[in-house]
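Participant: target17.txt is the file, holding compact mmCIF, C-alpha atoms:
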# COMPACT_ATOMS: atom_id res chain seq x y z
CA MET A 1 6.46 -26.34 -110.36
CA SER A 2 3.89 -26.01 -107.61
CA ILE A 3 0.31 -24.88 -108.11
CA GLU A 4 1.12 -21.73 -106.14
CA ASP A 5 4.04 -20.93 -108.46
CA ARG A 6 1.86 -21.48 -111.50
CA ASN A 7 -0.82 -19.22 -110.08
CA THR A 8 1.79 -16.57 -109.35
CA ASP A 9 3.11 -16.76 -112.93
CA ALA A 10 -0.41 -16.61 -114.32
CA GLU A 11 -1.19 -13.58 -112.20
CA ALA A 12 2.01 -11.87 -113.37
CA ALA A 13 1.18 -12.60 -116.99
CA ALA A 14 -2.34 -11.26 -116.49
CA ALA A 15 -0.91 -8.11 -114.94
CA VAL A 16 1.31 -7.58 -117.98
CA LEU A 17 -1.66 -7.99 -120.27
CA ASP A 18 -3.69 -5.60 -118.15
CA ASP A 19 -0.91 -3.01 -118.29
CA ALA A 20 -0.72 -3.32 -122.07
CA SER A 21 -4.46 -3.01 -122.35
CA ALA A 22 -4.53 0.00 -120.06
CA ALA A 23 -1.84 1.62 -122.16
CA GLY A 24 -3.94 1.08 -125.24
CA SER A 25 -0.80 0.31 -127.23
CA PHE A 26 -1.24 -0.15 -130.95
CA THR A 27 2.29 -1.43 -131.49
CA GLU A 28 1.51 -5.14 -131.22
CA ASP A 29 -1.78 -5.14 -133.14
CA ASP A 30 -1.01 -6.73 -136.50
CA SER A 31 -4.27 -8.59 -136.95
CA PRO A 32 -5.65 -8.50 -140.52
CA THR A 33 -9.07 -7.32 -139.33
CA ASN A 34 -10.23 -5.28 -136.36
CA GLU A 35 -12.92 -6.18 -133.85
CA PHE A 36 -15.62 -5.08 -136.28
CA GLY A 37 -14.34 -7.23 -139.12
CA GLU A 38 -12.92 -4.28 -141.07
CA ARG A 39 -9.82 -5.04 -143.14
CA ARG A 40 -6.59 -3.53 -141.82
CA PHE A 41 -3.36 -2.51 -143.57
CA VAL A 42 -0.71 -4.59 -141.82
CA HIS A 43 2.27 -5.08 -144.15
CA LYS A 44 1.83 -2.35 -146.79
CA LEU A 45 -0.24 0.84 -147.01
CA ARG A 46 -0.83 0.24 -150.74
CA TRP A 47 -3.49 2.63 -152.02
CA PHE A 48 -4.42 3.97 -148.58
CA GLY A 49 -1.30 6.18 -148.45
CA PRO A 50 -2.28 8.32 -151.48
CA VAL A 51 -5.94 8.29 -150.42
CA ASN A 52 -4.91 9.53 -146.98
CA MET A 53 -2.94 12.38 -148.58
CA LEU A 54 -5.79 13.31 -150.94
CA MET A 55 -8.36 13.28 -148.13
CA ILE A 56 -6.33 15.73 -146.05
CA LEU A 57 -5.57 17.75 -149.19
CA GLY A 58 -9.27 17.88 -150.07
CA ALA A 59 -10.14 19.18 -146.60
CA THR A 60 -7.24 21.64 -146.32
CA ILE A 61 -7.94 23.53 -149.57
CA PRO A 62 -11.45 24.72 -148.59
CA THR A 63 -10.27 25.39 -145.03
CA GLY A 64 -7.76 27.97 -146.20
CA ALA A 65 -9.86 29.29 -149.07
CA ALA A 66 -12.99 29.81 -146.92
CA ALA A 67 -11.11 31.78 -144.24
CA SER A 68 -9.30 33.95 -146.80
CA LEU A 69 -12.41 34.62 -148.88
CA MET A 70 -14.36 35.62 -145.79
CA ALA A 71 -11.59 38.04 -144.79
CA TYR A 72 -11.58 39.58 -148.29
CA ASN A 73 -15.37 39.92 -148.23
CA PHE A 74 -15.27 41.74 -144.89
CA THR A 75 -12.63 44.16 -146.21
CA VAL A 76 -14.80 44.88 -149.26
CA HIS A 77 -17.98 45.61 -147.27
CA LEU A 78 -16.61 47.17 -144.06
CA GLY A 79 -14.17 49.89 -143.10
CA GLU A 80 -10.68 49.01 -141.95
CA VAL A 81 -11.40 49.00 -138.20
CA ASP A 82 -14.67 47.06 -138.52
CA ALA A 83 -13.16 44.61 -141.02
CA ASN A 84 -10.21 43.84 -138.74
CA ALA A 85 -12.58 43.32 -135.82
CA ALA A 86 -14.84 41.06 -137.90
CA ILE A 87 -11.92 38.96 -139.13
CA GLY A 88 -10.63 38.58 -135.58
CA ILE A 89 -14.07 37.57 -134.28
CA ALA A 90 -14.49 35.03 -137.08
CA ASN A 91 -11.07 33.48 -136.46
CA VAL A 92 -11.52 33.19 -132.69
CA PHE A 93 -15.08 31.87 -132.74
CA GLY A 94 -14.32 29.63 -135.73
CA ALA A 95 -11.36 28.09 -133.89
CA LEU A 96 -13.43 27.47 -130.78
CA ALA A 97 -16.27 25.98 -132.83
CA GLY A 98 -13.79 23.72 -134.61
CA ALA A 99 -12.40 22.49 -131.29
CA ILE A 100 -15.91 21.66 -130.08
CA GLY A 101 -16.70 19.89 -133.36
CA ALA A 102 -13.55 17.79 -133.08
CA ILE A 103 -14.36 16.62 -129.56
CA VAL A 104 -18.05 16.00 -130.25
CA GLY A 105 -17.43 14.25 -133.57
CA GLY A 106 -14.79 11.97 -132.12
CA ASN A 107 -16.89 11.00 -129.13
CA VAL A 108 -20.10 10.24 -131.03
CA SER A 109 -18.27 8.20 -133.66
CA ASP A 110 -16.71 6.07 -130.89
CA HIS A 111 -20.25 5.25 -129.71
CA THR A 112 -21.81 4.72 -133.14
CA ARG A 113 -22.72 1.24 -134.42
CA THR A 114 -24.27 1.14 -137.88
CA ARG A 115 -24.04 -0.93 -141.04
CA LEU A 116 -21.89 1.87 -142.45
CA GLY A 117 -19.43 1.41 -139.58
CA ARG A 118 -18.53 3.76 -136.75
CA ARG A 119 -16.74 6.50 -138.67
CA ASN A 120 -18.37 6.74 -142.11
CA PRO A 121 -21.73 8.23 -140.97
CA TRP A 122 -19.96 11.11 -139.26
CA ILE A 123 -17.45 11.60 -142.06
CA MET A 124 -20.44 12.07 -144.38
CA PHE A 125 -22.43 14.22 -141.95
CA GLY A 126 -19.49 16.53 -141.24
CA ALA A 127 -18.66 17.00 -144.92
CA ILE A 128 -22.29 17.74 -145.82
CA LEU A 129 -22.73 20.20 -142.93
CA GLY A 130 -19.47 21.98 -143.72
CA ALA A 131 -20.25 22.19 -147.44
CA ALA A 132 -23.78 23.51 -146.77
CA CYS A 133 -22.42 26.30 -144.56
CA ILE A 134 -19.78 27.31 -147.12
CA LEU A 135 -22.36 27.39 -149.91
CA SER A 136 -24.66 29.49 -147.70
CA LEU A 137 -21.88 32.07 -147.29
CA SER A 138 -22.43 32.94 -150.96
CA LEU A 139 -25.81 34.39 -149.89
CA ALA A 140 -24.59 36.14 -146.73
CA SER A 141 -24.44 39.92 -146.37
CA PHE A 142 -20.94 40.74 -145.18
CA SER A 143 -22.12 44.16 -144.12
CA LEU A 144 -23.45 42.27 -141.10
CA ILE A 145 -20.81 40.42 -139.11
CA TRP A 146 -22.65 37.76 -137.14
CA PRO A 147 -24.58 35.88 -139.88
CA ALA A 148 -21.32 35.25 -141.73
CA VAL A 149 -19.49 34.35 -138.52
CA ILE A 150 -22.22 31.85 -137.55
CA LEU A 151 -22.04 30.16 -140.96
CA PHE A 152 -18.24 30.06 -140.74
CA CYS A 153 -18.52 28.44 -137.30
CA GLY A 154 -20.93 25.89 -138.79
CA PHE A 155 -18.36 25.08 -141.45
CA GLN A 156 -15.65 24.62 -138.80
CA ILE A 157 -17.91 22.32 -136.76
CA GLY A 158 -18.73 20.18 -139.81
CA LEU A 159 -15.12 20.10 -140.99
CA ASN A 160 -13.83 18.98 -137.60
CA ILE A 161 -16.58 16.37 -137.11
CA MET A 162 -15.52 14.91 -140.45
CA LEU A 163 -11.79 15.05 -139.70
CA SER A 164 -11.97 13.72 -136.12
CA SER A 165 -13.95 10.73 -137.39
CA TYR A 166 -11.58 10.28 -140.32
CA TYR A 167 -8.41 10.44 -138.19
CA ALA A 168 -9.78 7.57 -136.09
CA LEU A 169 -9.65 5.38 -139.20
CA LEU A 170 -5.88 5.14 -138.70
CA PRO A 171 -5.95 3.21 -135.41
CA ASP A 172 -8.99 1.33 -136.79
CA ARG A 173 -7.32 0.28 -140.03
CA VAL A 174 -3.52 0.77 -139.99
CA SER A 175 -0.84 -1.22 -138.17
CA SER A 176 1.52 0.79 -135.99
CA ARG A 177 4.40 -0.49 -138.14
CA LEU A 178 3.06 1.67 -140.98
CA MET A 179 1.95 4.66 -138.93
CA GLY A 180 4.98 6.82 -139.81
CA ARG A 181 4.30 6.36 -143.53
CA ALA A 182 0.60 7.09 -143.06
CA SER A 183 1.46 10.20 -141.05
CA ALA A 184 3.90 11.34 -143.75
CA TRP A 185 1.22 11.00 -146.45
CA ALA A 186 -1.16 13.09 -144.32
CA SER A 187 1.54 15.70 -143.73
CA MET A 188 2.09 16.02 -147.49
CA GLY A 189 -1.64 16.55 -147.92
CA THR A 190 -1.60 19.35 -145.35
CA LEU A 191 1.41 21.10 -146.89
CA LEU A 192 0.11 20.87 -150.45
CA GLY A 193 -3.39 21.88 -149.31
CA ASN A 194 -2.10 25.01 -147.61
CA ALA A 195 -0.18 26.03 -150.73
CA LEU A 196 -3.06 25.24 -153.09
CA GLY A 197 -5.57 26.97 -150.80
CA GLY A 198 -3.71 30.24 -151.29
CA ILE A 199 -3.54 29.72 -155.06
CA VAL A 200 -7.25 28.87 -155.26
CA THR A 201 -8.13 31.99 -153.26
CA SER A 202 -6.03 34.18 -155.54
CA ILE A 203 -7.71 32.73 -158.65
CA LEU A 204 -11.21 33.15 -157.20
CA VAL A 205 -10.57 36.77 -156.18
CA SER A 206 -9.24 37.57 -159.65
CA THR A 207 -12.14 35.78 -161.36
CA PHE A 208 -15.10 37.13 -159.39
CA GLY A 209 -13.78 40.57 -158.41
CA GLU A 210 -15.06 42.73 -155.57
CA ALA A 211 -18.64 43.03 -156.84
CA ASN A 212 -19.35 39.27 -156.87
CA LEU A 213 -16.76 37.99 -154.43
CA ALA A 214 -19.28 36.19 -152.19
CA THR A 215 -20.31 34.06 -155.19
CA ALA A 216 -16.84 32.46 -155.10
CA PHE A 217 -17.94 30.41 -152.07
CA LEU A 218 -20.01 28.26 -154.43
CA LEU A 219 -16.80 26.71 -155.79
CA VAL A 220 -14.98 26.15 -152.49
CA PRO A 221 -16.24 22.95 -150.77
CA TRP A 222 -16.17 20.40 -153.58
CA THR A 223 -12.72 18.86 -153.01
CA MET A 224 -13.84 18.04 -149.47
CA VAL A 225 -17.11 16.49 -150.65
CA ILE A 226 -15.45 14.45 -153.41
CA MET A 227 -12.79 13.03 -151.08
CA MET A 228 -15.44 12.22 -148.46
CA ALA A 229 -17.25 10.12 -151.05
CA VAL A 230 -14.00 8.41 -152.13
CA VAL A 231 -13.10 7.46 -148.55
CA VAL A 232 -16.56 6.14 -147.71
CA LEU A 233 -16.63 4.02 -150.87
CA ALA A 234 -13.02 2.83 -150.55
CA LEU A 235 -13.27 1.98 -146.84
CA PRO A 236 -16.78 0.65 -146.29
CA GLY A 237 -18.02 -0.13 -142.81
CA ALA A 238 -18.09 -3.60 -141.34
CA LYS A 239 -20.89 -5.97 -142.25
CA LEU A 240 -22.57 -5.88 -138.87
CA SER A 241 -25.29 -8.33 -138.08
CA ARG A 242 -28.77 -6.97 -137.44
CA GLN A 243 -28.28 -7.40 -133.71
CA GLU A 244 -24.91 -5.61 -133.71
CA GLY A 245 -26.14 -2.89 -136.01
CA THR A 246 -29.03 -2.11 -133.72
CA GLU A 247 -27.08 -2.30 -130.48
CA ARG A 248 -28.70 -0.19 -127.77
CA PHE A 249 -27.34 3.35 -127.66
CA ASP A 250 -26.18 4.39 -124.18
CA LEU A 251 -26.58 8.18 -123.90
CA ARG A 252 -25.11 8.28 -120.40
CA GLU A 253 -21.99 6.47 -121.56
CA MET A 254 -21.61 8.83 -124.51
CA LEU A 255 -22.00 11.95 -122.33
CA ALA A 256 -19.41 10.56 -119.94
CA GLY A 257 -17.10 10.31 -122.94
CA PHE A 258 -16.87 14.11 -123.17
CA ARG A 259 -14.65 14.09 -120.11
CA PRO A 260 -11.01 14.51 -121.15
CA PRO A 261 -8.81 11.47 -120.52
CA LYS A 262 -6.87 11.42 -117.24
CA ASP A 263 -3.88 9.64 -118.76
CA LYS A 264 -0.65 11.57 -117.99
CA GLN A 265 1.19 10.58 -121.15
CA PHE A 266 -1.75 11.75 -123.25
CA TRP A 267 -1.39 15.21 -121.73
CA TYR A 268 2.40 15.20 -122.18
CA VAL A 269 1.80 14.75 -125.91
CA TYR A 270 -0.96 17.38 -125.87
CA LEU A 271 1.18 20.01 -124.17
CA GLY A 272 4.31 19.18 -126.19
CA ARG A 273 2.37 19.45 -129.42
CA LEU A 274 0.71 22.69 -128.29
CA VAL A 275 3.91 24.54 -127.32
CA PHE A 276 5.64 23.49 -130.56
CA MET A 277 2.71 24.70 -132.68
CA VAL A 278 2.36 27.96 -130.72
CA GLY A 279 6.07 28.63 -131.31
CA LEU A 280 5.57 28.05 -135.02
CA MET A 281 2.42 30.20 -135.14
CA LEU A 282 4.22 33.09 -133.41
CA LEU A 283 6.37 33.41 -136.53
CA VAL A 284 3.80 32.44 -139.18
CA GLN A 285 1.05 34.78 -138.01
CA THR A 286 3.35 37.79 -137.57
CA GLN A 287 5.28 37.37 -140.82
CA THR A 288 3.71 40.42 -142.46
CA GLN A 289 4.71 42.67 -139.54
CA GLN A 290 8.21 41.18 -139.53
CA LEU A 291 8.72 41.88 -143.22
CA ILE A 292 7.45 45.45 -143.15
CA TYR A 293 8.51 46.73 -139.73
CA HIS A 294 11.50 44.61 -138.64
CA PHE A 295 13.13 43.97 -142.02
CA ASP A 296 11.95 47.35 -143.35
CA LEU A 297 10.64 46.14 -146.72
CA PRO A 298 8.22 48.14 -148.90
CA LEU A 299 4.74 46.63 -149.18
CA LYS A 300 5.15 45.16 -152.68
CA THR A 301 8.60 43.79 -151.88
CA ALA A 302 7.23 42.28 -148.69
CA ALA A 303 4.45 40.55 -150.63
CA SER A 304 6.82 39.07 -153.22
CA THR A 305 9.26 38.00 -150.50
CA ALA A 306 6.42 36.28 -148.61
CA ALA A 307 5.50 34.37 -151.78
CA LEU A 308 9.09 33.15 -152.19
CA LEU A 309 9.25 32.17 -148.52
CA GLY A 310 6.05 30.17 -148.99
CA ILE A 311 7.68 28.19 -151.81
CA VAL A 312 10.76 27.52 -149.64
CA LEU A 313 8.48 26.40 -146.80
CA ALA A 314 6.54 23.98 -149.02
CA ILE A 315 9.63 22.44 -150.65
CA GLY A 316 11.60 22.09 -147.41
CA SER A 317 8.68 20.59 -145.53
CA LEU A 318 7.92 18.07 -148.27
CA ILE A 319 11.54 16.90 -148.44
CA SER A 320 11.81 16.34 -144.69
CA THR A 321 8.38 14.70 -144.57
CA VAL A 322 9.32 12.14 -147.20
CA ILE A 323 12.53 11.34 -145.31
CA ALA A 324 11.39 11.38 -141.68
CA GLY A 325 8.12 9.41 -141.92
CA PRO A 326 9.48 6.19 -143.49
CA LEU A 327 12.69 6.50 -141.44
CA SER A 328 10.72 6.55 -138.20
CA ASP A 329 8.94 3.35 -139.27
CA LYS A 330 12.25 1.68 -140.10
CA LEU A 331 13.90 2.71 -136.81
CA ARG A 332 10.68 2.23 -134.82
CA ARG A 333 11.29 5.63 -133.23
CA ARG A 334 8.74 8.46 -132.96
CA LYS A 335 9.99 10.75 -130.20
CA ALA A 336 13.51 11.24 -131.56
CA PRO A 337 12.46 12.83 -134.90
CA ALA A 338 10.00 15.08 -133.05
CA MET A 339 12.58 16.25 -130.51
CA VAL A 340 15.29 16.78 -133.14
CA SER A 341 12.73 18.84 -135.09
CA ALA A 342 12.18 21.04 -132.03
CA VAL A 343 15.94 21.69 -131.77
CA ILE A 344 16.20 22.57 -135.48
CA PHE A 345 13.24 24.94 -135.19
CA ALA A 346 14.84 26.63 -132.17
CA LEU A 347 18.04 27.09 -134.19
CA SER A 348 16.02 28.68 -136.98
CA THR A 349 14.83 31.36 -134.55
CA VAL A 350 18.44 32.07 -133.47
CA VAL A 351 19.26 32.89 -137.10
CA LEU A 352 16.70 35.71 -137.00
CA LEU A 353 18.73 37.40 -134.25
CA LEU A 354 21.86 37.67 -136.43
CA SER A 355 20.80 40.39 -138.86
CA THR A 356 17.94 42.43 -140.31
CA ASP A 357 18.97 41.52 -143.86
CA THR A 358 16.45 39.37 -145.71
CA TRP A 359 18.87 36.47 -146.22
CA VAL A 360 18.24 35.43 -142.60
CA LEU A 361 14.55 35.00 -143.43
CA PHE A 362 15.32 32.42 -146.09
CA VAL A 363 17.69 30.52 -143.79
CA ASN A 364 15.10 30.71 -141.01
CA VAL A 365 12.25 29.44 -143.17
CA GLY A 366 14.43 26.72 -144.71
CA LEU A 367 15.35 25.34 -141.28
CA ALA A 368 11.83 25.83 -139.90
CA ALA A 369 10.36 24.06 -142.94
CA PHE A 370 12.63 21.07 -142.44
CA ALA A 371 11.73 21.00 -138.74
CA PHE A 372 7.99 21.29 -139.33
CA GLY A 373 7.97 18.63 -142.05
CA ALA A 374 9.86 16.14 -139.88
CA PHE A 375 7.69 16.90 -136.84
CA SER A 376 4.41 16.60 -138.72
CA SER A 377 5.50 13.37 -140.44
CA VAL A 378 5.62 11.56 -137.08
CA ASP A 379 3.05 13.71 -135.29
CA GLN A 380 0.03 11.66 -136.31
CA ALA A 381 1.84 8.42 -135.48
CA ILE A 382 2.65 9.68 -131.97
CA MET A 383 -0.94 10.78 -131.41
CA VAL A 384 -2.30 7.38 -132.43
CA GLU A 385 0.22 5.29 -130.50
CA ILE A 386 -0.18 7.31 -127.29
CA LEU A 387 -3.95 6.80 -127.12
CA PRO A 388 -4.91 5.41 -123.71
CA ASN A 389 -7.89 3.38 -124.95
CA LYS A 390 -8.88 2.08 -128.38
CA GLU A 391 -12.55 2.34 -127.48
CA THR A 392 -12.28 6.14 -127.20
CA ALA A 393 -9.77 6.64 -130.03
CA ALA A 394 -11.75 9.23 -132.01
CA ARG A 395 -12.68 11.24 -128.92
CA ASP A 396 -9.08 11.34 -127.73
CA LEU A 397 -7.78 12.27 -131.18
CA GLY A 398 -10.41 15.02 -131.21
CA PHE A 399 -8.96 16.41 -127.98
CA LEU A 400 -5.43 16.20 -129.36
CA ASN A 401 -6.39 17.99 -132.56
CA THR A 402 -7.75 20.97 -130.61
CA THR A 403 -4.08 22.00 -130.40
CA ASN A 404 -4.30 22.89 -134.12
CA THR A 405 -6.95 25.54 -133.54
CA LEU A 406 -5.78 26.69 -130.12
CA SER A 407 -2.22 27.26 -131.34
CA GLY A 408 -3.56 29.63 -134.01
CA VAL A 409 -5.62 31.59 -131.49
CA ILE A 410 -2.79 31.73 -128.91
CA GLY A 411 -0.07 32.39 -131.50
CA GLY A 412 -1.89 35.32 -133.10
CA GLY A 413 -2.78 37.03 -129.82
CA LEU A 414 0.51 36.32 -128.06
CA GLY A 415 2.51 37.42 -131.11
CA ALA A 416 0.85 40.84 -131.17
CA LEU A 417 1.35 41.18 -127.41
CA LEU A 418 5.05 40.27 -127.58
CA ILE A 419 5.74 42.66 -130.46
CA GLY A 420 4.06 45.49 -128.56
CA THR A 421 5.90 44.81 -125.29
CA ILE A 422 9.34 43.25 -125.87
CA GLY A 423 9.72 43.68 -129.63
CA TYR A 424 10.70 41.33 -132.44
CA VAL A 425 13.85 40.02 -130.75
CA GLY A 426 11.71 38.95 -127.79
CA LEU A 427 9.22 37.35 -130.21
CA PHE A 428 11.94 35.26 -131.87
CA ILE A 429 13.44 34.15 -128.54
CA THR A 430 10.01 33.17 -127.18
CA ALA A 431 9.26 31.07 -130.27
CA GLY A 432 12.54 29.19 -129.87
CA VAL A 433 12.04 28.61 -126.14
CA LEU A 434 8.55 27.21 -126.72
CA ALA A 435 9.93 24.76 -129.29
CA LEU A 436 12.54 23.52 -126.80
CA LEU A 437 9.87 23.23 -124.12
CA CYS A 438 8.25 20.61 -126.37
CA ILE A 439 11.23 18.34 -125.63
CA ALA A 440 10.65 18.63 -121.88
CA PHE A 441 7.11 17.32 -122.34
CA PHE A 442 8.15 14.51 -124.68
CA ILE A 443 10.99 13.11 -122.54
CA PRO A 444 8.72 11.48 -119.87
CA ILE A 445 6.70 9.65 -122.53
CA ASN A 446 7.50 5.91 -122.53
CA ARG A 447 4.52 4.54 -124.44
CA VAL A 448 6.21 5.37 -127.74
CA ARG A 449 9.92 5.15 -128.44
Before we go any further, please render this structure as structure tokens.

Facilitator:
Amino acid sequence: MSIEDRNTDAEAAAAVLDDASAAGSFTEDDSPTNEFGERRFVHKLRWFGPVNMLMILGATIPTGAAASLMAYNFTVHLGEVDANAAIGIANVFGALAGAIGAIVGGNVSDHTRTRLGRRNPWIMFGAILGAACILSLSLASFSLIWPAVILFCGFQIGLNIMLSSYYALLPDRVSSRLMGRASAWASMGTLLGNALGGIVTSILVSTFGEANLATAFLLVPWTMVIMMAVVVLALPGAKLSRQEGTERFDLREMLAGFRPPKDKQFWYVYLGRLVFMVGLMLLVQTQTQQLIYHFDLPLKTAASTAALLGIVLAIGSLISTVIAGPLSDKLRRRKAPAMVSAVIFALSTVVLLLSTDTWVLFVNVGLAAFAFGAFSSVDQAIMVEILPNKETAARDLGFLNTTNTLSGVIGGGLGALLIGTIGYVGLFITAGVLALLCIAFFIPINRVR
């Protein structure tokens, strides 16, 4: 072989390596430690799987309980019109604050170098800030809207700083071979947290009553704080040398990091995730109106039916999560479970068009639960494996996780608009179409299989 041929081969090999690096693929990274000397989970998740579930569970319970308690407090202290306006303002501004917190928290943790590691300082800071704001709500006067809204926004900022930094631990610490399992554990934490958040709220309202309802906030944040401490102790930062730990902080570089990534496949995942979640939120956030006005149920019957549907949702989602996450690891496929989930969810909306009898609700929720559980079990794995650059992992995950808050804002507003203009049939069709649109965004993705 000539020198020219060897040079050509070397250049081709370098180009392949450059392409892999540019793609930021995590699929081939099975090293036992990362670049900071932190131990990684390569062959088995071991104890990190349950810890991952409990961390998400610990954050999800106060998320749901805080929002519900604030809504109840507004209804106690304000008239119906003012209370509805206050709840709407809190939800919109809280969602926007959470999106900002996710982006900021991810970016600053990417640029942090301390003896505690990159992520742990911001996991702690976010949990402490969020807990302080929740505790302060116990002293707020809910006769005034904005003080409570500002504290709620502070909680959302702290929560999302903590979570965006925590989510980045997965590409830091977990091999892609185990990402489906890790994602499934996180999905179980979310599902259980949502269910327990409602139960906790109900207990707190019954215990404290209307007169002292604000005091209930004093008991809300502690699962989040406890799990923050567990994670920081269980996953300590790298033992950086003095020189590495005091590396010069580049403010210009960090500010540049607030620019969204230009990577096309990143935005395919973002948009696919967003339309799927908006479709889901169209049904979730209008369920009360559906039960009372479309299925013509009395108020008490509607409430009991909603409780039963919640149980069906939790059980169905958990079953599909346990199946789909490990299966995606075994088959080394992420897109297929997500796209099949979108089809199943679309079919669940078709069922709602068949009748106004309540049996269709249970079939709908059963199918939607299976779809959501399967989708969420691979969702986190897709987000991690699509990242364009390891160095900006937390920032990019922060951008991706803004779909969680934006889907709630869009779903609630769009749902009300659709009901008022084209009715419930139009609402159901739109939800199904949005789910199928997710597939169109996922098809061009080639960075994950």

Participant: Against range 95-109 of chain A, which residues of range 149-181 of chain A fall within 9 Å? For each one I want the closest pair of atoms and the distance in Å (one decimal), counting all atoms listed in the file, rows by chain and increasing residue number, as CSV.

Facilitator:
residue,atom,partner,partner_atom,distance
A:Cys153,CA,A:Ala97,CA,5.6
A:Gly154,CA,A:Ala97,CA,7.6
A:Phe155,CA,A:Gly98,CA,8.3
A:Gln156,CA,A:Gly98,CA,4.7
A:Ile157,CA,A:Gly101,CA,4.4
A:Gly158,CA,A:Gly101,CA,6.8
A:Leu159,CA,A:Gly98,CA,7.5
A:Asn160,CA,A:Ala102,CA,4.7
A:Ile161,CA,A:Gly105,CA,4.2
A:Met162,CA,A:Gly105,CA,7.2
A:Leu163,CA,A:Ala102,CA,7.4
A:Ser164,CA,A:Gly106,CA,5.2
A:Ser165,CA,A:Gly106,CA,5.5
A:Tyr166,CA,A:Gly106,CA,9.0
A:Tyr167,CA,A:Gly106,CA,8.9
A:Ala168,CA,A:Gly106,CA,7.8

Participant: Of the candidates A:Tyr293, A:Phe125, A:Phe276, A:Trp267, which one gets nearest to Ile419 in chain A if we count only C-alpha atoms?

Facilitator: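 Of A:Tyr293, A:Phe125, A:Phe276, A:Trp267, the one nearest Ile419 in chain A, counting only C-alpha atoms, is A:Tyr293.
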
Participant: Measure the distance from CA of Gly88 in chain A to CA of Ala71 in chain A in Å and round it to one decimal.

Facilitator: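 Between these atoms lies a distance of 9.3 Å.
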
Participant: Which of these, A:Pro50, A:Gly64, A:Gly373, A:Pro121, has the shortest distance to Ser202 in chain A once you count only C-alpha atoms?

Facilitator: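 Ranking A:Pro50, A:Gly64, A:Gly373, A:Pro121 by distance to Ser202 in chain A, first place goes to A:Gly64.
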
Participant: Taking only C-alpha atoms into account, which of A:Ser320, A:Asp263, A:Gly415, A:His77 comes nearest Ala368 in chain A?

Facilitator: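 When distances to Ala368 in chain A are compared using only C-alpha atoms, the smallest one comes from A:Ser320.
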
Participant: Find, counting only C-alpha atoms, the residue in A:Phe399, A:Phe217, A:Phe345, A:Trp359 that gets nearest to Phe428 in chain A.

Facilitator: A:Phe345
